[in-house]
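S.K.: My structure is below; once you've seen it, I'll send some questions.
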Amino acid sequence: RRPARPGPAMAWRGAPVVAARRLLLLRGPAGRRGIASCIDPSSGLTEEQKEFQKVALDFAAKEMAPHMAEWDEKEIFPVETMRKAAQLGFGGIYVKPDVGGSGLSRLDTSIIFEALSTGCTSTTAYMSIHNMCVWMIDTFGNEEQRRRFCPSLCSMEKFASYCLTEPGSGSDAASLLTSAQRKGDTYVLNGSKAFISGGGDTDVYVVMCRTGGPGPKGISCLVLEKGTPGLSFGKKEKKVGWNSQPTRAVIFEDCVVPVGNRLGAEGQGFNIAMKGLNGGRINIASCSLGAAHASVLLAQEHLTVRKQFGEPLANNQYLQFRLAEMATRLVAARLMVRNAARALQEGQEDAAVLCSMAKLFATDECFVICNQALQMHGGYGYLKDYAVQQFVRDIRVHQILEGTNEVMRMIVARNLLQG
C-alpha cells in the first residue's frame, strides 16, 4: 500500500518542501521507478553534468521552491537568493573563469537552467537574461571592459538588463530608433526601450542603439550603468506572470556615455545582439523544460491522490494517455534543446537555426504540458494554492520573448528555402 499522503494542497505553496523533494527523487534509485525513469533529465549526461544538475536541483528545492508563490504574489525580486546562486557559479555560467565566470558549456548551462526553473521559473528566466548580458560583455568587450564589468556581475553583486526592444520595434529589431550621437569621446543617447526585465532594479544596461544609418549595420552596443544622468525608468508593469522580476521601460534623455563603454566596433551592435539571443533562446527554452518537468510531476501526484467516481484519477485511461503525451512532449523538447546547445557550443553553421527550432518547439510544447497539467487538477488547478497555475503563467511569455515563435518560424523557413 502507498503511505498516507497529505491533502489536496500538495503543491509548492501548500507543501513546498515535500513537493520540491519529489523533483530530487529523479537522481536516486527511487526516482528510477515509474514515470520518473522515462523523463529523467539526467539521462545521457556525464557524471560531471549530473553533479551540476544535482547542485542546481538542490538549490531549487531548498532556496527557491518554498518562496516561489510569495515572490509571485508580492512581486519580490529575490536579490539575496540570486546572490546565493551566484556563489555556486550560476551568475556567469558560460563566462570565462579569468573574470569570475564558471566557464561551462552551453549544454551545461541548459541543464542548470532547467533544474533551477523547477524551483521558480520566473526568477530563473531573469538569471538567464543576466547570464546572456555578462556573456556579451565577456565575449565582445575589450580587456578593460571585461575586468571592469564581469566580476561584479558574475558574483551578482550587480545585476544586468538587456535592452533591445522598443515601443515601436519588437520583432523588427533592426528598425530601432534609440540614437547615440558621437561627440568627441562620448555618445549622447536618446530614446527608450520597452519590456526590459529587471529595468530600474538592475545596475548595468546593455543597450542597442543607432549610431549610423538605417538598418542593422547602423546599430552599435553600449553599456550603461545605473545612475548615469539622463537614465530613467517607466512604471513597473503589471504582468500575468514573471512577477518575481520587475519589468519597466528604460528611458534615455541626453545620456552621456563614454565611447569606452561601447562593445565592439560601431555598427557591430546588431550582430552582438543576435549572437546573444541565440544563447538566450536556448536558455529560455531550458526554463520552459524545468516548468514542464515540474508540472508533469505535479500532475502525476494529483492523479494518484485525487479520487472521483470511487477510484483514483490515475485509473482513468484517458488521463493516462494524456500524461503519456505530456511525458513524450517533454522528452522530445529536451532532446531538441540539448542538440541545439551542443551545436551552438561547437559553432556549427546551422546553430542559429537549430536554436530557433528548439526555442519554437520547446516553448510551445512545454506550455501545452503545463496547461494540460492544470486541466488535470480540475478546479484546484485554478487556485493560487497550487503551483501548477504559476508555471502556466510564468512560461506563457516564453513564446513571445527572445524572438516570438512566429519569428522563429520565419528563421527556419528562410533557411530551408534559401538552402
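Chain labels follow the order of the C-alpha cells: the first chain is A, the next B, and so on; residue numbering restarts at 1 in every chain, and ligands are counted from 1 in their shown order.
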Output as JSON lines one row per residue of range 138-185 of chain A within 10 Å of range 73-80 of chain A: the closest atom pair and its distance in Å to one decimal place, counting only C-alpha atoms, sorted by chain and residue number ascending.
M.R.:
```
{"residue": "A:Met156", "atom": "CA", "partner": "A:Val79", "partner_atom": "CA", "distance": 8.4}
{"residue": "A:Glu157", "atom": "CA", "partner": "A:Val79", "partner_atom": "CA", "distance": 9.1}
{"residue": "A:Lys158", "atom": "CA", "partner": "A:Val79", "partner_atom": "CA", "distance": 9.6}
{"residue": "A:Phe159", "atom": "CA", "partner": "A:Val79", "partner_atom": "CA", "distance": 8.9}
```
S.K.: Using the selection just defined, write its residues with N, CA, C and O atoms as a PDB file, in the first residue's frame.
M.R.:
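To be explicit, this is the file written out as result_9.pdb:
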```
ATOM      1  N   MET A 156      26.969  38.498  -8.958  1.00  0.00           N
ATOM      2  CA  MET A 156      25.651  39.108  -8.781  1.00  0.00           C
ATOM      3  C   MET A 156      25.633  40.156  -7.668  1.00  0.00           C
ATOM      4  O   MET A 156      24.597  40.437  -7.075  1.00  0.00           O
ATOM      5  N   GLU A 157      26.826  40.717  -7.399  1.00  0.00           N
ATOM      6  CA  GLU A 157      26.846  41.943  -6.602  1.00  0.00           C
ATOM      7  C   GLU A 157      26.060  43.005  -7.368  1.00  0.00           C
ATOM      8  O   GLU A 157      25.361  43.826  -6.794  1.00  0.00           O
ATOM      9  N   LYS A 158      26.202  42.948  -8.707  1.00  0.00           N
ATOM     10  CA  LYS A 158      25.422  43.801  -9.596  1.00  0.00           C
ATOM     11  C   LYS A 158      24.641  42.925 -10.570  1.00  0.00           C
ATOM     12  O   LYS A 158      25.036  41.794 -10.852  1.00  0.00           O
ATOM     13  N   PHE A 159      23.539  43.479 -11.084  1.00  0.00           N
ATOM     14  CA  PHE A 159      22.662  42.749 -11.995  1.00  0.00           C
ATOM     15  C   PHE A 159      22.569  43.491 -13.326  1.00  0.00           C
ATOM     16  O   PHE A 159      22.728  44.718 -13.377  1.00  0.00           O
TER      17      PHE A 159
END
```
S.K.: Which residues in range 205-397 of chain A does DSSP call helix (DSSP H, G or I)? List them as a PyMOL selection string.
M.R.: chain A and resi 216-218+259-261+269-305+313-315+317-346+351-376+378-382+387-397
S.K.: Can you list, as a VMD selection string, every protein, DNA or RNA residue that comes within 7 Å of range 363-376 of chain A when you count only C-alpha atoms, leaving out same-chain residues fewer than 6 positions away?
M.R.: chain A and resid 285 288 to 289 292 295 to 296 299 326 329 to 330 388 to 389 391 to 392 395 to 396 398 to 399
S.K.: Could you pull out the strand (DSSP E or B) residues of range 202-293 of chain A, going by DSSP on the backbone, and write them as an NGL selection string?
M.R.: :A and (204-210 or 219-225 or 231-233 or 247-258 or 262-263)
S.K.: So that I can see what lies close to Ala340 in chain A, please list as a PyMOL selection string the residues with an atom at most 12 Å from it, counting only C-alpha atoms and leaving out residues fewer than 5 positions away in the same chain.
M.R.: chain A and resi 106-107+110+278-283+285-286+333-335+345-362
S.K.: Just the residues within 6 Å of range 240-255 of chain A, please, counting only C-alpha atoms, with nothing from its chain fewer than 3 positions along; format it as a PDB file with C-alpha atoms, in the first residue's frame.
M.R.:
```pdb
ATOM      1  CA  TRP A  71       7.723  36.088  -4.773  1.00  0.00           C
ATOM      2  CA  ASP A  72       4.936  35.919  -7.338  1.00  0.00           C
ATOM      3  CA  GLU A  75       6.281  40.786  -6.724  1.00  0.00           C
ATOM      4  CA  ILE A  76       9.589  40.331  -4.873  1.00  0.00           C
ATOM      5  CA  PHE A  77      12.848  40.490  -6.815  1.00  0.00           C
ATOM      6  CA  SER A 122      10.344  33.488 -13.294  1.00  0.00           C
ATOM      7  CA  THR A 123      13.500  34.004 -11.226  1.00  0.00           C
ATOM      8  CA  VAL A 188      24.728  61.288 -26.342  1.00  0.00           C
ATOM      9  CA  LEU A 189      21.964  58.721 -26.053  1.00  0.00           C
ATOM     10  CA  ASN A 190      18.267  59.475 -26.604  1.00  0.00           C
ATOM     11  CA  GLY A 191      15.262  57.177 -26.911  1.00  0.00           C
ATOM     12  CA  SER A 192      13.530  54.446 -24.926  1.00  0.00           C
ATOM     13  CA  LYS A 193      13.355  50.685 -24.528  1.00  0.00           C
ATOM     14  CA  ALA A 194      10.271  48.663 -23.616  1.00  0.00           C
ATOM     15  CA  PHE A 195       9.620  45.456 -21.634  1.00  0.00           C
ATOM     16  CA  ILE A 196      13.067  45.428 -20.016  1.00  0.00           C
ATOM     17  CA  SER A 197      13.478  42.628 -17.473  1.00  0.00           C
ATOM     18  CA  GLY A 198      14.989  43.972 -14.267  1.00  0.00           C
ATOM     19  CA  GLY A 199      14.605  47.544 -15.506  1.00  0.00           C
ATOM     20  CA  PRO A 229      22.472  61.304 -15.722  1.00  0.00           C
ATOM     21  CA  GLY A 230      19.518  61.190 -18.097  1.00  0.00           C
ATOM     22  CA  LEU A 231      18.794  57.491 -17.465  1.00  0.00           C
ATOM     23  CA  SER A 232      15.314  56.939 -16.022  1.00  0.00           C
ATOM     24  CA  PHE A 233      12.624  54.271 -15.866  1.00  0.00           C
ATOM     25  CA  GLY A 234       8.916  53.906 -16.526  1.00  0.00           C
ATOM     26  CA  LYS A 235       6.339  52.468 -14.158  1.00  0.00           C
ATOM     27  CA  LYS A 236       6.628  48.888 -13.029  1.00  0.00           C
ATOM     28  CA  GLU A 237       4.485  46.832 -15.405  1.00  0.00           C
ATOM     29  CA  ARG A 393       1.507  31.885 -16.161  1.00  0.00           C
ATOM     30  CA  ASP A 394       5.291  32.097 -15.965  1.00  0.00           C
TER      31      ASP A 394
END
```
S.K.: Closest to Ile112 in chain A among A:Gln268, A:Gln53, A:Ser175, A:Ser152, using only C-alpha atoms?
M.R.: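 Closest to Ile112 in chain A, using only C-alpha atoms: A:Gln53.
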S.K.: Which polymer residues have any atom within 7 Å of an atom of Ser155 in chain A, counting only C-alpha atoms, with same-chain residues fewer than 4 positions away left out, as a list in words?
M.R.: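 Once the adjacent positions are removed, what remains is Arg83, Ala86, Gln87, Gly91 and Pro151 of chain A.
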S.K.: Please measure the separation of CA of Leu263 in chain A and CA of Asn142 in chain A, giving the value in Å to one decimal.
M.R.: 7.6 Å
S.K.: Residues near Val257 in chain A, anyone? I mean within 12 Å using only C-alpha atoms, not counting same-chain ones fewer than 6 positions away, as a list in words.
M.R.: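 With the cut-off at 12 Å, the set is Ser179, Ala180, Gln181, Arg182, Lys183, Gly184, Asp185, Thr186, Tyr187, Val188, Leu189, Asn190, Tyr205, Val207, Cys209, Cys221, Leu222, Val223, Leu224, Glu225, Lys226, Gly227, Thr228, Pro229, Gly230 and Leu231 of chain A.
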